[in-house]
>>> print(open('input-v4.cif').read())   # mmCIF, C-alpha atoms
data_target
#
loop_
_atom_site.label_atom_id
_atom_site.label_comp_id
_atom_site.auth_asym_id
_atom_site.auth_seq_id
_atom_site.Cartn_x
_atom_site.Cartn_y
_atom_site.Cartn_z
CA MET A 1 -8.68 -17.86 10.35
CA VAL A 2 -8.46 -14.89 7.98
CA SER A 3 -6.02 -15.01 5.09
CA ARG A 4 -3.45 -12.25 4.65
CA ARG A 5 -5.07 -11.27 1.35
CA LYS A 6 -8.54 -10.89 2.90
CA PHE A 7 -7.12 -8.97 5.88
CA LEU A 8 -5.21 -6.53 3.62
CA LYS A 9 -8.20 -6.05 1.33
CA THR A 10 -10.56 -5.32 4.21
CA SER A 11 -8.07 -3.08 6.02
CA ALA A 12 -7.33 -1.06 2.91
CA ALA A 13 -11.00 -0.58 2.14
CA VAL A 14 -11.88 0.51 5.67
CA SER A 15 -8.84 2.82 5.93
CA GLY A 16 -9.62 4.41 2.59
CA LEU A 17 -13.23 5.06 3.53
CA ALA A 18 -12.27 6.41 6.93
CA MET A 19 -9.89 8.93 5.37
CA MET A 20 -12.42 10.28 2.86
CA ASP A 21 -15.15 12.72 3.63
CA LYS A 22 -18.32 12.91 1.57
CA SER A 23 -17.07 15.72 -0.67
CA HIS A 24 -14.13 13.59 -1.88
CA ALA A 25 -15.73 10.16 -1.94
CA ALA A 26 -15.92 10.03 -5.75
CA GLU A 27 -12.35 11.09 -6.49
CA MET A 28 -8.88 10.82 -5.02
CA LEU A 29 -6.95 14.06 -4.61
CA ASP A 30 -3.26 14.71 -4.11
CA PHE A 31 -1.91 17.04 -1.43
CA ALA A 32 -2.35 20.07 -3.71
CA GLY A 33 -6.00 19.20 -4.35
CA ARG A 34 -5.49 17.91 -7.89
CA LYS A 35 -7.35 14.83 -9.10
CA VAL A 36 -5.10 11.75 -9.27
CA ASN A 37 -5.72 9.20 -12.02
CA LYS A 38 -2.65 7.03 -11.64
CA PRO A 39 -1.42 4.58 -9.04
CA ILE A 40 1.06 5.73 -6.43
CA VAL A 41 3.17 3.90 -3.87
CA ILE A 42 4.08 5.58 -0.57
CA SER A 43 6.05 4.46 2.45
CA THR A 44 6.90 6.24 5.66
CA TRP A 45 10.20 4.58 6.56
CA ASN A 46 13.46 4.09 4.68
CA PHE A 47 13.05 0.31 4.56
CA GLY A 48 9.90 0.95 2.56
CA VAL A 49 11.88 2.02 -0.51
CA ALA A 50 12.61 -1.59 -1.47
CA ALA A 51 9.00 -2.50 -0.71
CA ASN A 52 7.81 0.33 -2.96
CA ALA A 53 10.00 -0.91 -5.81
CA GLU A 54 8.49 -4.38 -5.52
CA ALA A 55 4.95 -3.01 -5.39
CA TRP A 56 5.60 -0.70 -8.33
CA LYS A 57 6.69 -3.62 -10.52
CA ILE A 58 3.18 -5.00 -10.25
CA LEU A 59 1.33 -1.69 -10.61
CA SER A 60 3.37 -0.50 -13.58
CA SER A 61 2.61 -3.68 -15.48
CA GLY A 62 -1.14 -3.28 -14.96
CA GLY A 63 -1.39 -5.52 -11.91
CA ARG A 64 -3.91 -5.21 -9.12
CA ALA A 65 -3.30 -2.88 -6.17
CA LEU A 66 -3.86 -5.65 -3.65
CA ASP A 67 -1.22 -7.82 -5.31
CA ALA A 68 1.16 -4.84 -5.21
CA VAL A 69 0.52 -4.29 -1.51
CA GLU A 70 1.12 -7.94 -0.74
CA ALA A 71 4.38 -8.00 -2.74
CA GLY A 72 5.58 -4.84 -1.02
CA VAL A 73 4.78 -6.09 2.47
CA LYS A 74 6.74 -9.28 1.90
CA VAL A 75 9.99 -7.34 1.42
CA PRO A 76 10.45 -5.89 4.93
CA GLU A 77 8.86 -8.96 6.50
CA ALA A 78 11.57 -11.15 4.97
CA ASP A 79 14.46 -8.84 5.95
CA PRO A 80 16.29 -10.18 9.02
CA ASN A 81 17.93 -6.77 9.53
CA ASN A 82 14.61 -4.96 9.82
CA GLN A 83 13.79 -5.05 13.52
CA THR A 84 10.28 -3.60 13.24
CA VAL A 85 8.46 -6.44 11.46
CA GLY A 86 9.05 -9.95 10.14
CA LEU A 87 12.13 -12.06 10.75
CA GLY A 88 14.16 -9.42 12.56
CA GLY A 89 11.22 -7.94 14.51
#
>>> encode(input="input-v4.cif", output="structure tokens")
Amino acid sequence: MVSRRKFLKTSAAVSGLAMMDKSHAAEMLDFAGRKVNKPIVISTWNFGVAANAEAWKILSSGGRALDAVEAGVKVPEADPNNQTVGLGG
């Protein structure tokens, strides 16, 4: 059985590599093509706003990205009103 932490770590690594081509492998760029040197938190649905806030608490205090992802994911998973994932899904 794979732990949640190991699954997230592996998934994030593979997704990140899949999205990069060779010309951008050494640096992360924003949508305008500028180099990004700070952490960001993005969600695609409105229920992700609370998850972002939880993740940002960890990142802004110097925490690890994987810990931030895990904290963020726990928010919608624990929400019984969210019918896409977790208790309500």
>>> resolve_selection(input="input-v4.cif", expression="the PyMOL selection byres ((chain A and resi 69) around 12)", output="ChimeraX atom specification")
/A:4-5,7-9,11-12,39-43,48,51-59,63-68,70-76
>>> atom_distance(input="input-v4.cif", atom1="atom CA of Asn82 of chain A", atom2="atom CA of Thr10 of chain A")
25.8 Å
>>> atom_distance(input="input-v4.cif", atom1="atom CA of Ser61 of chain A", atom2="atom CA of Leu87 of chain A")
29.1 Å
>>> closest_residue(input="input-v4.cif", among="A:Lys38, A:Gly33, A:Gly62, A:Phe47", to="Pro80 of chain A", atoms="only C-alpha atoms")
A:Phe47
>>> atom_distance(input="input-v4.cif", atom1="atom CA of Ala78 of chain A", atom2="atom CA of Trp45 of chain A")
15.9 Å
>>> build_atoms(input="input-v4.cif", residues="segment 63-74 of chain A", atoms="all heavy atoms", output="PDB file, in the coordinates of the input")
ATOM      1  N   GLY A  63      -0.915  -4.602 -12.943  1.00  0.00           N
ATOM      2  CA  GLY A  63      -1.390  -5.520 -11.910  1.00  0.00           C
ATOM      3  C   GLY A  63      -2.343  -4.868 -10.935  1.00  0.00           C
ATOM      4  O   GLY A  63      -2.511  -3.646 -10.930  1.00  0.00           O
ATOM      5  N   ARG A  64      -2.943  -5.684 -10.101  1.00  0.00           N
ATOM      6  CA  ARG A  64      -3.910  -5.210  -9.120  1.00  0.00           C
ATOM      7  C   ARG A  64      -3.215  -4.588  -7.910  1.00  0.00           C
ATOM      8  O   ARG A  64      -2.151  -5.030  -7.488  1.00  0.00           O
ATOM      9  CB  ARG A  64      -4.788  -6.360  -8.664  1.00  0.00           C
ATOM     10  CG  ARG A  64      -5.648  -6.910  -9.772  1.00  0.00           C
ATOM     11  CD  ARG A  64      -6.436  -8.105  -9.363  1.00  0.00           C
ATOM     12  NE  ARG A  64      -6.619  -8.164  -7.904  1.00  0.00           N
ATOM     13  CZ  ARG A  64      -7.365  -9.055  -7.288  1.00  0.00           C
ATOM     14  NH1 ARG A  64      -7.969  -9.978  -7.967  1.00  0.00           N
ATOM     15  NH2 ARG A  64      -7.481  -9.052  -5.979  1.00  0.00           N
ATOM     16  N   ALA A  65      -3.854  -3.586  -7.329  1.00  0.00           N
ATOM     17  CA  ALA A  65      -3.300  -2.880  -6.170  1.00  0.00           C
ATOM     18  C   ALA A  65      -3.084  -3.827  -4.991  1.00  0.00           C
ATOM     19  O   ALA A  65      -2.067  -3.742  -4.303  1.00  0.00           O
ATOM     20  CB  ALA A  65      -4.206  -1.723  -5.777  1.00  0.00           C
ATOM     21  N   LEU A  66      -4.006  -4.731  -4.767  1.00  0.00           N
ATOM     22  CA  LEU A  66      -3.860  -5.650  -3.650  1.00  0.00           C
ATOM     23  C   LEU A  66      -2.653  -6.561  -3.823  1.00  0.00           C
ATOM     24  O   LEU A  66      -1.917  -6.826  -2.868  1.00  0.00           O
ATOM     25  CB  LEU A  66      -5.134  -6.489  -3.472  1.00  0.00           C
ATOM     26  CG  LEU A  66      -5.145  -7.432  -2.276  1.00  0.00           C
ATOM     27  CD1 LEU A  66      -4.923  -6.674  -0.973  1.00  0.00           C
ATOM     28  CD2 LEU A  66      -6.448  -8.198  -2.221  1.00  0.00           C
ATOM     29  N   ASP A  67      -2.409  -7.001  -5.039  1.00  0.00           N
ATOM     30  CA  ASP A  67      -1.220  -7.820  -5.310  1.00  0.00           C
ATOM     31  C   ASP A  67       0.051  -6.998  -5.070  1.00  0.00           C
ATOM     32  O   ASP A  67       1.048  -7.513  -4.565  1.00  0.00           O
ATOM     33  CB  ASP A  67      -1.246  -8.354  -6.733  1.00  0.00           C
ATOM     34  CG  ASP A  67      -2.380  -9.352  -6.964  1.00  0.00           C
ATOM     35  OD1 ASP A  67      -2.750 -10.053  -6.000  1.00  0.00           O
ATOM     36  OD2 ASP A  67      -2.879  -9.416  -8.099  1.00  0.00           O
ATOM     37  N   ALA A  68       0.008  -5.726  -5.423  1.00  0.00           N
ATOM     38  CA  ALA A  68       1.160  -4.840  -5.210  1.00  0.00           C
ATOM     39  C   ALA A  68       1.429  -4.646  -3.722  1.00  0.00           C
ATOM     40  O   ALA A  68       2.577  -4.697  -3.272  1.00  0.00           O
ATOM     41  CB  ALA A  68       0.935  -3.497  -5.895  1.00  0.00           C
ATOM     42  N   VAL A  69       0.373  -4.449  -2.954  1.00  0.00           N
ATOM     43  CA  VAL A  69       0.520  -4.290  -1.510  1.00  0.00           C
ATOM     44  C   VAL A  69       1.133  -5.540  -0.891  1.00  0.00           C
ATOM     45  O   VAL A  69       2.073  -5.471  -0.099  1.00  0.00           O
ATOM     46  CB  VAL A  69      -0.838  -3.981  -0.838  1.00  0.00           C
ATOM     47  CG1 VAL A  69      -0.749  -4.082   0.676  1.00  0.00           C
ATOM     48  CG2 VAL A  69      -1.334  -2.611  -1.253  1.00  0.00           C
ATOM     49  N   GLU A  70       0.615  -6.681  -1.288  1.00  0.00           N
ATOM     50  CA  GLU A  70       1.120  -7.940  -0.740  1.00  0.00           C
ATOM     51  C   GLU A  70       2.595  -8.149  -1.079  1.00  0.00           C
ATOM     52  O   GLU A  70       3.403  -8.529  -0.224  1.00  0.00           O
ATOM     53  CB  GLU A  70       0.290  -9.110  -1.247  1.00  0.00           C
ATOM     54  CG  GLU A  70       0.627 -10.407  -0.570  1.00  0.00           C
ATOM     55  CD  GLU A  70      -0.308 -11.537  -0.965  1.00  0.00           C
ATOM     56  OE1 GLU A  70      -0.891 -11.497  -2.056  1.00  0.00           O
ATOM     57  OE2 GLU A  70      -0.426 -12.477  -0.169  1.00  0.00           O
ATOM     58  N   ALA A  71       2.979  -7.859  -2.324  1.00  0.00           N
ATOM     59  CA  ALA A  71       4.380  -8.000  -2.740  1.00  0.00           C
ATOM     60  C   ALA A  71       5.273  -7.047  -1.959  1.00  0.00           C
ATOM     61  O   ALA A  71       6.376  -7.405  -1.537  1.00  0.00           O
ATOM     62  CB  ALA A  71       4.512  -7.771  -4.234  1.00  0.00           C
ATOM     63  N   GLY A  72       4.799  -5.823  -1.761  1.00  0.00           N
ATOM     64  CA  GLY A  72       5.580  -4.840  -1.020  1.00  0.00           C
ATOM     65  C   GLY A  72       5.761  -5.218   0.435  1.00  0.00           C
ATOM     66  O   GLY A  72       6.852  -5.087   0.996  1.00  0.00           O
ATOM     67  N   VAL A  73       4.721  -5.713   1.058  1.00  0.00           N
ATOM     68  CA  VAL A  73       4.780  -6.090   2.470  1.00  0.00           C
ATOM     69  C   VAL A  73       5.754  -7.237   2.704  1.00  0.00           C
ATOM     70  O   VAL A  73       6.425  -7.295   3.734  1.00  0.00           O
ATOM     71  CB  VAL A  73       3.366  -6.474   2.972  1.00  0.00           C
ATOM     72  CG1 VAL A  73       3.410  -7.162   4.308  1.00  0.00           C
ATOM     73  CG2 VAL A  73       2.487  -5.239   3.044  1.00  0.00           C
ATOM     74  N   LYS A  74       5.854  -8.122   1.747  1.00  0.00           N
ATOM     75  CA  LYS A  74       6.740  -9.280   1.900  1.00  0.00           C
ATOM     76  C   LYS A  74       8.212  -8.879   2.001  1.00  0.00           C
ATOM     77  O   LYS A  74       9.003  -9.598   2.617  1.00  0.00           O
ATOM     78  CB  LYS A  74       6.561 -10.232   0.719  1.00  0.00           C
ATOM     79  CG  LYS A  74       5.267 -10.998   0.755  1.00  0.00           C
ATOM     80  CD  LYS A  74       5.163 -11.921  -0.443  1.00  0.00           C
ATOM     81  CE  LYS A  74       3.885 -12.704  -0.441  1.00  0.00           C
ATOM     82  NZ  LYS A  74       3.788 -13.595  -1.602  1.00  0.00           N
TER      83      LYS A  74
END
